[in-house]
file input_12.cif (mmCIF, C-alpha atoms)
data_coords
#
loop_
_atom_site.label_atom_id
_atom_site.label_comp_id
_atom_site.auth_asym_id
_atom_site.auth_seq_id
_atom_site.Cartn_x
_atom_site.Cartn_y
_atom_site.Cartn_z
CA ALA A 16 104.27 -10.57 43.22
CA HIS A 17 105.20 -8.32 40.29
CA ALA A 18 101.96 -9.28 38.50
CA SER A 19 99.91 -8.53 41.61
CA THR A 20 101.53 -5.12 41.99
CA LEU A 21 100.81 -4.29 38.36
CA SER A 22 97.23 -5.42 38.81
CA ARG A 23 96.69 -3.10 41.77
CA ARG A 24 98.21 -0.19 39.87
CA LEU A 25 96.00 -0.81 36.84
CA VAL A 26 92.85 -1.01 38.92
CA ALA A 27 93.84 2.15 40.81
CA ASN A 28 94.61 3.90 37.50
CA ASP A 29 97.62 5.55 39.08
CA GLY A 30 99.22 6.30 35.73
CA ARG A 31 102.70 4.99 36.69
CA THR A 32 102.55 1.72 34.70
CA SER A 33 104.24 1.72 31.30
CA THR A 34 102.66 0.19 28.22
CA ALA A 35 105.41 -2.45 28.14
CA ASP A 36 104.65 -3.43 31.73
CA GLN A 37 100.94 -3.56 31.02
CA LEU A 38 101.55 -5.85 28.04
CA LEU A 39 103.77 -8.06 30.18
CA HIS A 40 101.08 -8.19 32.83
CA ALA A 41 98.42 -9.04 30.22
CA SER A 42 100.62 -11.85 28.92
CA LEU A 43 101.01 -13.26 32.45
CA LEU A 44 97.26 -13.06 33.01
CA PHE A 45 96.60 -14.81 29.69
CA LYS A 46 98.94 -17.66 30.53
CA ALA A 47 97.38 -17.99 34.00
CA ARG A 48 93.88 -17.94 32.43
CA HIS A 49 92.77 -15.04 34.65
CA ASP A 50 90.38 -13.89 31.97
CA GLY A 51 88.23 -11.67 34.17
CA GLU A 52 91.17 -9.43 35.06
CA LEU A 53 92.68 -9.79 31.60
CA GLY A 54 89.58 -8.30 29.98
CA ALA A 55 89.93 -5.13 32.06
CA VAL A 56 93.64 -4.83 31.27
CA LEU A 57 93.04 -5.22 27.52
CA GLU A 58 90.31 -2.62 27.64
CA ARG A 59 92.71 -0.11 29.22
CA LEU A 60 95.45 -0.96 26.72
CA GLN A 61 93.13 -0.41 23.76
CA ALA A 62 93.68 3.36 23.81
CA ALA A 63 97.34 3.29 24.91
CA ASP A 64 100.18 4.60 22.73
CA MET A 65 102.11 1.61 21.36
CA THR A 66 104.94 0.87 19.02
CA SER A 67 104.25 -1.33 16.00
CA ALA A 68 105.70 -4.39 17.80
CA GLN A 69 103.65 -3.65 20.94
CA ARG A 70 100.49 -3.31 18.86
CA GLN A 71 101.16 -6.73 17.32
CA ASP A 72 101.59 -8.26 20.79
CA PHE A 73 98.38 -6.56 21.94
CA ASP A 74 96.42 -7.81 18.92
CA ALA A 75 97.68 -11.37 19.50
CA LEU A 76 96.62 -11.26 23.17
CA ARG A 77 93.22 -9.80 22.32
CA THR A 78 92.63 -12.42 19.60
CA GLY A 79 93.53 -15.23 22.01
CA TYR A 80 91.36 -13.75 24.75
CA GLU A 81 88.32 -13.39 22.46
CA ALA A 82 88.75 -16.93 21.12
CA ARG A 83 88.83 -18.28 24.66
CA GLN A 84 85.73 -16.31 25.55
CA ARG A 85 83.86 -17.76 22.56
CA GLN A 86 84.95 -21.24 23.56
CA ALA A 87 83.80 -20.65 27.12
CA ARG A 88 80.39 -19.44 25.94
CA SER A 89 80.07 -22.45 23.64
CA THR A 90 81.04 -24.83 26.43
CA SER A 91 78.60 -23.18 28.79
CA ALA A 92 75.81 -23.46 26.22
CA GLY A 93 76.70 -27.10 25.62
CA GLU A 94 76.66 -27.87 29.33
CA ALA A 95 73.29 -26.17 29.67
CA ALA A 96 71.97 -28.31 26.80
CA ASP A 97 73.44 -31.42 28.41
CA ARG A 98 71.53 -30.66 31.59
CA GLY A 99 68.21 -30.41 29.74
CA PRO A 100 65.96 -33.28 28.69
CA VAL A 101 66.82 -34.89 25.35
CA LEU A 102 64.62 -37.05 23.12
CA THR A 103 66.23 -38.99 20.26
CA ALA A 104 64.87 -41.40 17.67
CA GLY A 105 66.33 -43.17 14.68
CA THR A 106 66.48 -46.27 12.54
CA VAL A 107 69.18 -48.94 12.61
CA TYR A 108 69.37 -51.60 9.91
CA ARG A 109 71.78 -54.48 9.50
CA HIS A 110 71.87 -57.44 7.17
CA ARG A 111 73.70 -60.71 7.40
CA SER A 112 73.85 -63.05 4.44
CA GLY A 113 73.39 -66.76 4.94
CA GLU A 114 71.10 -69.67 4.34
CA ALA A 115 67.43 -68.70 4.17
CA GLY A 116 65.53 -69.59 7.33
CA LEU A 117 68.74 -70.36 9.22
CA GLY A 118 71.76 -68.03 9.16
CA ARG A 119 70.33 -65.18 7.10
CA LEU A 120 69.20 -62.08 9.02
CA SER A 121 67.68 -58.68 8.27
CA ASP A 122 67.35 -56.65 11.46
CA THR A 123 65.48 -53.32 11.59
CA GLN A 124 65.30 -51.41 14.87
CA MET A 125 63.82 -47.99 15.64
CA PRO A 126 65.24 -46.94 19.02
CA ILE A 127 63.54 -44.07 20.87
CA GLU A 128 65.36 -42.68 23.91
CA ALA A 129 64.53 -40.02 26.47
CA ARG A 130 67.37 -38.70 28.65
CA LEU A 131 66.28 -36.75 31.71
CA PRO A 132 68.54 -34.92 34.19
CA LEU A 133 68.85 -36.73 37.52
CA ARG A 134 71.29 -35.44 40.15
CA GLU A 135 74.79 -35.61 38.61
CA GLY A 136 73.73 -37.77 35.66
CA ARG A 137 70.79 -38.77 33.51
CA LEU A 138 67.86 -41.12 33.68
CA VAL A 139 67.59 -43.00 30.38
CA LEU A 140 64.28 -44.45 29.17
CA SER A 141 64.23 -46.45 25.94
CA VAL A 142 61.68 -48.13 23.67
CA THR A 143 62.94 -50.13 20.68
CA PRO A 144 60.50 -51.57 18.11
CA THR A 145 62.30 -54.39 16.32
CA GLU A 146 61.60 -56.53 13.26
CA LEU A 147 63.68 -59.55 12.20
CA LYS A 148 63.50 -61.50 8.95
CA ALA A 149 65.49 -64.62 8.11
CA GLY A 150 63.75 -65.86 4.98
CA THR A 151 61.94 -69.16 4.34
CA LEU A 152 63.55 -72.50 5.06
CA ALA A 153 64.10 -74.72 2.00
CA ALA A 154 61.76 -77.73 1.81
CA ASP A 155 64.34 -80.38 0.87
CA PRO A 156 64.80 -83.07 3.57
CA ALA A 157 68.46 -82.26 4.20
CA THR A 158 67.68 -78.63 5.02
CA ALA A 159 64.36 -79.27 6.76
CA GLY A 160 66.05 -81.85 8.97
CA ARG A 161 68.39 -79.19 10.41
CA PHE A 162 65.56 -77.15 11.85
CA GLY A 163 63.77 -77.70 15.15
CA GLY A 164 62.37 -81.23 15.26
CA GLY A 165 65.17 -82.53 13.06
CA PRO A 166 65.04 -85.52 10.66
CA VAL A 167 61.84 -86.94 12.17
CA ALA A 168 59.96 -83.68 11.55
CA ALA A 169 61.49 -83.47 8.06
CA ARG A 170 60.13 -86.95 7.17
CA LEU A 171 56.68 -85.99 8.43
CA GLN A 172 56.87 -82.83 6.36
CA SER A 173 57.91 -84.75 3.23
CA ILE A 174 54.78 -86.93 3.37
CA GLY A 175 52.51 -83.98 4.10
CA ALA A 176 51.71 -85.01 7.66
CA VAL A 177 52.76 -81.59 9.06
CA VAL A 178 53.00 -78.06 7.71
CA PRO A 179 56.48 -76.71 6.86
CA PRO A 180 58.09 -74.08 9.11
CA GLY A 181 57.40 -71.22 6.70
CA ALA A 182 58.97 -67.75 6.76
CA GLN A 183 61.10 -66.98 9.80
CA THR A 184 60.13 -63.57 11.16
CA ALA A 185 59.90 -61.92 14.56
CA ARG A 186 58.46 -58.61 15.75
CA GLY A 187 58.52 -57.05 19.18
CA VAL A 188 59.27 -54.00 21.30
CA GLY A 189 62.15 -53.83 23.75
CA PHE A 190 62.07 -51.65 26.87
CA GLY A 191 64.83 -50.33 29.09
CA VAL A 192 65.56 -47.96 31.95
CA GLY A 193 68.98 -46.85 33.11
CA TYR A 194 71.18 -44.23 34.70
CA GLU A 195 74.41 -42.77 33.39
CA SER A 196 76.97 -40.31 34.72
CA ASP A 197 80.63 -39.54 34.07
CA LYS A 198 81.78 -42.68 35.93
CA LEU A 199 78.74 -44.92 36.32
CA GLU A 200 76.34 -46.56 33.88
CA ALA A 201 73.61 -48.96 34.93
CA GLY A 202 70.60 -50.31 33.08
CA ILE A 203 68.00 -53.02 33.02
CA GLY A 204 65.48 -53.97 30.35
CA THR A 205 64.10 -56.73 28.18
CA THR A 206 64.67 -58.13 24.75
CA PRO A 207 61.66 -57.26 22.58
CA LEU A 208 58.33 -58.36 23.99
CA GLY A 209 56.54 -60.26 21.23
CA PHE A 210 59.53 -62.47 20.38
CA ALA A 211 59.13 -66.21 20.91
CA GLU A 212 61.69 -65.95 23.75
CA THR A 213 62.09 -62.86 25.93
CA ASN A 214 64.95 -62.28 28.38
CA VAL A 215 65.84 -59.76 31.05
CA ILE A 216 69.05 -57.94 30.12
CA GLY A 217 71.17 -55.26 31.74
CA ASN A 218 74.61 -53.90 32.56
CA LEU A 219 76.61 -52.21 35.32
CA THR A 220 79.69 -50.25 34.24
CA TYR A 221 82.12 -48.15 36.28
CA LYS A 222 85.06 -46.04 35.08
CA GLY A 223 87.99 -44.99 37.25
CA GLN A 224 91.61 -43.88 37.29
CA PHE A 225 94.87 -44.70 39.06
CA GLY A 226 96.56 -41.32 39.18
CA ASP A 227 96.65 -39.21 36.02
CA GLU A 228 98.05 -41.81 33.64
CA VAL A 229 96.17 -45.08 34.17
CA SER A 230 92.44 -45.43 33.50
CA TRP A 231 90.23 -48.49 33.89
CA LYS A 232 86.69 -49.61 33.22
CA ALA A 233 84.83 -52.59 34.69
CA ASP A 234 81.65 -53.93 33.11
CA LEU A 235 79.19 -56.61 34.23
CA SER A 236 76.51 -57.41 31.70
CA ARG A 237 73.77 -59.69 30.48
CA ARG A 238 73.19 -58.98 26.78
CA PRO A 239 71.36 -60.71 23.93
CA VAL A 240 73.26 -62.64 21.27
CA THR A 241 72.02 -60.99 18.07
CA ASP A 242 73.88 -63.05 15.47
CA SER A 243 70.72 -64.71 14.13
CA LEU A 244 66.95 -64.63 14.45
CA LEU A 245 67.16 -67.86 16.46
CA SER A 246 69.70 -66.54 18.98
CA PHE A 247 68.07 -63.10 19.31
CA ALA A 248 64.33 -63.82 19.22
CA GLY A 249 63.96 -67.59 19.47
CA THR A 250 61.56 -69.43 17.21
CA ARG A 251 58.98 -72.23 17.06
CA ASP A 252 58.86 -75.31 14.88
CA PRO A 253 55.16 -75.69 13.91
CA ARG A 254 55.80 -79.32 12.91
CA THR A 255 56.45 -80.37 16.53
CA GLY A 256 55.60 -77.34 18.68
CA ILE A 257 59.21 -77.06 19.91
CA GLU A 258 60.31 -73.54 20.96
CA TRP A 259 63.98 -72.74 21.49
CA GLY A 260 66.61 -70.02 21.14
CA GLY A 261 66.73 -66.58 22.72
CA VAL A 262 70.37 -66.68 23.88
CA VAL A 263 72.01 -64.23 26.28
CA ALA A 264 75.70 -63.74 27.12
CA THR A 265 76.39 -63.09 30.80
CA GLY A 266 79.80 -62.07 32.09
CA GLY A 267 82.26 -59.27 32.69
CA ARG A 268 85.03 -57.26 31.10
CA LEU A 269 87.92 -55.18 32.47
CA ASP A 270 89.71 -52.53 30.37
CA LEU A 271 93.03 -50.92 31.31
CA ALA A 272 94.82 -48.06 29.53
CA ARG A 273 98.13 -46.28 30.25
CA ASP A 274 98.93 -42.88 28.77
CA PHE A 275 102.63 -42.11 28.21
CA GLY A 276 102.00 -38.73 26.58
CA SER A 277 103.17 -39.30 23.01
CA TYR A 278 101.80 -42.85 22.99
CA GLY A 279 99.74 -45.21 25.11
CA ILE A 280 98.94 -48.86 25.66
CA TYR A 281 95.56 -50.52 26.05
CA GLY A 282 94.32 -53.97 26.95
CA TYR A 283 91.30 -55.83 28.23
CA GLY A 284 90.12 -59.19 29.49
CA SER A 285 86.63 -60.64 29.41
CA ALA A 286 84.70 -63.78 30.20
CA HIS A 287 81.11 -64.56 29.15
CA SER A 288 78.91 -67.61 29.13
#
call {"tool": "encode", "arguments": {"input": "input_12.cif", "output": "structure tokens"}}
result
Amino acid sequence: AHASTLSRRLVANDGRTSTADQLLHASLLFKARHDGELGAVLERLQAADMTSAQRQDFDALRTGYEARQRQARSTSAGEAADRGPVLTAGTVYRHRSGEAGLGRLSDTQMPIEARLPLREGRLVLSVTPTELKAGTLAADPATAGRFGGGPVAARLQSIGAVVPPGAQTARGVGFGVGYESDKLEAGIGTTPLGFAETNVIGNLTYKGQFGDEVSWKADLSRRPVTDSLLSFAGTRDPRTGIEWGGVVATGGRLDLARDFGSYGIYGYGSAHS
């Protein structure tokens, strides 16, 4: 009530409010984040007669007010940018050492994403050119017998009846479409078209809270297993014509977190096949 009375007096410019009371009122407005009214009060105080201590209090309030205004403008600009369309592109490379033609993997991806405003969230469109290299399988019977057609194909290869598997490579382009908002994410797409094996993939994720302290996230997904060229892209044994691989993991995950202020706890459970 005292702050409201001071506010009416300041607006009316009745001249009965002391500098000390005006500074007290400005402090109350700052703490309450009533920045619109606070700006007017600080403007009036600018020309007021003050003691050295009062001037220090005024300068501190003005500095805090201006910093909050800059933050508000920055946040507003960021939100405006978030609401606009965004196009991103990049290159992702990973390498896994291992036996040539089997466990070794060099994976280069060039994801291109367009994010377009849609209601309270964004429509996400993605195109991902991908190239995989695993090296060339060794020609010795022990190694050749662990690939595709197995020992029979290895014996045929050793007598020159069939051509060896050669370099293990895969190229393709993956596509996806999805929607994301503060609480919901959903998407569907494909592993790269052009791979020996192509799969439909996707996810559905929802985030929620129990009160102010407990948050949770539930996720259902079907995602590619990218540990090797065989599991990600699939391959073909030219000695027998066998095609295999292209593995996906399908399942769900639940995350729970509890915030205790100075510390928190977090846990999750998942199951995939």
call {"tool": "residues_around", "arguments": {"input": "input_12.cif", "residues": "Lys198 of chain A", "least_positions_apart": "5", "cutoff": "12 Å", "atoms": "only C-alpha atoms", "output": "compact mmCIF listing (two decimals) with C-alpha atoms, keeping the file's coordinate frame"}}
result
# COMPACT_ATOMS: atom_id res chain seq x y z
CA GLU A 135 74.79 -35.61 38.61
CA GLY A 136 73.73 -37.77 35.66
CA ARG A 137 70.79 -38.77 33.51
CA LEU A 219 76.61 -52.21 35.32
CA THR A 220 79.69 -50.25 34.24
CA TYR A 221 82.12 -48.15 36.28
CA LYS A 222 85.06 -46.04 35.08
CA GLY A 223 87.99 -44.99 37.25
CA GLN A 224 91.61 -43.88 37.29
CA SER A 230 92.44 -45.43 33.50
CA TRP A 231 90.23 -48.49 33.89
CA LYS A 232 86.69 -49.61 33.22
CA ALA A 233 84.83 -52.59 34.69
CA ASP A 234 81.65 -53.93 33.11
call {"tool": "atom_distance", "arguments": {"input": "input_12.cif", "atom1": "atom CA of Pro207 of chain A", "atom2": "atom CA of Ser246 of chain A"}}
result
12.8 Å
call {"tool": "closest_residue", "arguments": {"input": "input_12.cif", "among": "A:Pro156, A:Pro126, A:Gly150, A:Gly163", "to": "Val188 of chain A", "atoms": "all atoms listed in the file"}}
result
A:Pro126
call {"tool": "residues_near_point", "arguments": {"input": "input_12.cif", "point": "(64.5, -79.9, 9.3)", "cutoff": "12 Å", "atoms": "only C-alpha atoms", "output": "PyMOL selection string"}}
result
chain A and resi 116-117+152-173+177-181+252-255
call {"tool": "resolve_selection", "arguments": {"input": "input_12.cif", "expression": "the PyMOL selection byres ((chain A and resi 191) around 12)", "output": "number ranges by chain"}}
result
A: 126-130, 138-144, 188-190, 192-194, 201-208, 214-218
call {"tool": "residues_near_point", "arguments": {"input": "input_12.cif", "point": "(61.0, -63.9, 19.6)", "cutoff": "12 Å", "atoms": "only C-alpha atoms", "output": "PyMOL selection string"}}
result
chain A and resi 145-148+183-189+205-214+239+241+243-251+258-262
call {"tool": "closest_residue", "arguments": {"input": "input_12.cif", "among": "A:Thr265, A:Thr151, A:Thr90, A:Gln61", "to": "Arg77 of chain A", "atoms": "only C-alpha atoms"}}
result
A:Gln61
call {"tool": "resolve_selection", "arguments": {"input": "input_12.cif", "expression": "the PyMOL selection byres ((chain A and resi 46-56) around 9)", "output": "ChimeraX atom specification"}}
result
/A:22,25-26,37-38,40-45,57-61,77,80,83-84
call {"tool": "build_atoms", "arguments": {"input": "input_12.cif", "residues": "segment 141-173 of chain A", "atoms": "N, CA and C atoms", "output": "mmCIF file, in the frame of the given file"}}
result
data_model
loop_
_atom_site.group_PDB
_atom_site.id
_atom_site.type_symbol
_atom_site.label_atom_id
_atom_site.label_comp_id
_atom_site.auth_asym_id
_atom_site.auth_seq_id
_atom_site.Cartn_x
_atom_site.Cartn_y
_atom_site.Cartn_z
ATOM 1 N N SER A 141 64.136 -46.066 27.351
ATOM 2 C CA SER A 141 64.230 -46.450 25.940
ATOM 3 C C SER A 141 63.108 -47.404 25.543
ATOM 4 N N VAL A 142 62.658 -47.244 24.310
ATOM 5 C CA VAL A 142 61.680 -48.130 23.670
ATOM 6 C C VAL A 142 62.236 -48.448 22.290
ATOM 7 N N THR A 143 62.309 -49.751 21.946
ATOM 8 C CA THR A 143 62.940 -50.130 20.680
ATOM 9 C C THR A 143 62.081 -51.132 19.907
ATOM 10 N N PRO A 144 61.195 -50.651 19.011
ATOM 11 C CA PRO A 144 60.500 -51.570 18.110
ATOM 12 C C PRO A 144 61.505 -52.284 17.206
ATOM 13 N N THR A 145 61.327 -53.589 17.053
ATOM 14 C CA THR A 145 62.300 -54.390 16.320
ATOM 15 C C THR A 145 61.596 -55.388 15.402
ATOM 16 N N GLU A 146 62.122 -55.534 14.190
ATOM 17 C CA GLU A 146 61.600 -56.530 13.260
ATOM 18 C C GLU A 146 62.765 -57.326 12.684
ATOM 19 N N LEU A 147 62.656 -58.661 12.728
ATOM 20 C CA LEU A 147 63.680 -59.550 12.200
ATOM 21 C C LEU A 147 63.091 -60.407 11.088
ATOM 22 N N LYS A 148 63.895 -60.611 10.045
ATOM 23 C CA LYS A 148 63.500 -61.500 8.950
ATOM 24 C C LYS A 148 64.689 -62.380 8.598
ATOM 25 N N ALA A 149 64.408 -63.686 8.453
ATOM 26 C CA ALA A 149 65.490 -64.620 8.110
ATOM 27 C C ALA A 149 65.192 -65.397 6.838
ATOM 28 N N GLY A 150 64.081 -65.139 6.186
ATOM 29 C CA GLY A 150 63.750 -65.860 4.980
ATOM 30 C C GLY A 150 62.996 -67.151 5.273
ATOM 31 N N THR A 151 62.717 -67.917 4.228
ATOM 32 C CA THR A 151 61.940 -69.160 4.340
ATOM 33 C C THR A 151 62.846 -70.365 4.170
ATOM 34 N N LEU A 152 62.743 -71.292 5.071
ATOM 35 C CA LEU A 152 63.550 -72.500 5.060
ATOM 36 C C LEU A 152 63.243 -73.342 3.810
ATOM 37 N N ALA A 153 64.300 -73.850 3.165
ATOM 38 C CA ALA A 153 64.100 -74.720 2.000
ATOM 39 C C ALA A 153 63.384 -75.998 2.412
ATOM 40 N N ALA A 154 62.601 -76.579 1.484
ATOM 41 C CA ALA A 154 61.760 -77.730 1.810
ATOM 42 C C ALA A 154 62.463 -79.077 1.633
ATOM 43 N N ASP A 155 63.677 -79.094 1.077
ATOM 44 C CA ASP A 155 64.340 -80.380 0.870
ATOM 45 C C ASP A 155 64.659 -81.031 2.215
ATOM 46 N N PRO A 156 64.621 -82.365 2.293
ATOM 47 C CA PRO A 156 64.800 -83.070 3.570
ATOM 48 C C PRO A 156 66.095 -82.739 4.293
ATOM 49 N N ALA A 157 67.176 -82.548 3.550
ATOM 50 C CA ALA A 157 68.460 -82.260 4.200
ATOM 51 C C ALA A 157 68.402 -80.947 4.969
ATOM 52 N N THR A 158 67.791 -79.929 4.344
ATOM 53 C CA THR A 158 67.680 -78.630 5.020
ATOM 54 C C THR A 158 66.615 -78.655 6.104
ATOM 55 N N ALA A 159 65.453 -79.218 5.786
ATOM 56 C CA ALA A 159 64.360 -79.270 6.760
ATOM 57 C C ALA A 159 64.731 -80.061 7.995
ATOM 58 N N GLY A 160 65.633 -81.036 7.829
ATOM 59 C CA GLY A 160 66.050 -81.850 8.970
ATOM 60 C C GLY A 160 67.002 -81.148 9.909
ATOM 61 N N ARG A 161 67.493 -79.962 9.537
ATOM 62 C CA ARG A 161 68.390 -79.190 10.410
ATOM 63 C C ARG A 161 67.651 -78.144 11.232
ATOM 64 N N PHE A 162 66.348 -78.166 11.156
ATOM 65 C CA PHE A 162 65.560 -77.150 11.850
ATOM 66 C C PHE A 162 64.681 -77.818 12.912
ATOM 67 N N GLY A 163 64.698 -77.285 14.102
ATOM 68 C CA GLY A 163 63.770 -77.700 15.150
ATOM 69 C C GLY A 163 63.706 -79.178 15.425
ATOM 70 N N GLY A 164 62.609 -79.822 14.981
ATOM 71 C CA GLY A 164 62.370 -81.230 15.260
ATOM 72 C C GLY A 164 63.294 -82.187 14.559
ATOM 73 N N GLY A 165 64.153 -81.712 13.662
ATOM 74 C CA GLY A 165 65.170 -82.530 13.060
ATOM 75 C C GLY A 165 64.667 -83.471 11.984
ATOM 76 N N PRO A 166 65.389 -84.580 11.742
ATOM 77 C CA PRO A 166 65.040 -85.520 10.660
ATOM 78 C C PRO A 166 63.636 -86.106 10.778
ATOM 79 N N VAL A 167 63.173 -86.380 11.994
ATOM 80 C CA VAL A 167 61.840 -86.940 12.170
ATOM 81 C C VAL A 167 60.787 -85.974 11.635
ATOM 82 N N ALA A 168 60.905 -84.687 12.030
ATOM 83 C CA ALA A 168 59.960 -83.680 11.550
ATOM 84 C C ALA A 168 60.081 -83.500 10.050
ATOM 85 N N ALA A 169 61.300 -83.612 9.505
ATOM 86 C CA ALA A 169 61.490 -83.470 8.060
ATOM 87 C C ALA A 169 60.782 -84.594 7.313
ATOM 88 N N ARG A 170 60.826 -85.842 7.827
ATOM 89 C CA ARG A 170 60.130 -86.950 7.170
ATOM 90 C C ARG A 170 58.625 -86.743 7.203
ATOM 91 N N LEU A 171 58.108 -86.276 8.337
ATOM 92 C CA LEU A 171 56.680 -85.990 8.430
ATOM 93 C C LEU A 171 56.276 -84.900 7.448
ATOM 94 N N GLN A 172 57.145 -83.908 7.309
ATOM 95 C CA GLN A 172 56.870 -82.830 6.360
ATOM 96 C C GLN A 172 56.879 -83.344 4.926
ATOM 97 N N SER A 173 57.786 -84.258 4.607
ATOM 98 C CA SER A 173 57.910 -84.750 3.230
ATOM 99 C C SER A 173 56.697 -85.552 2.781
#
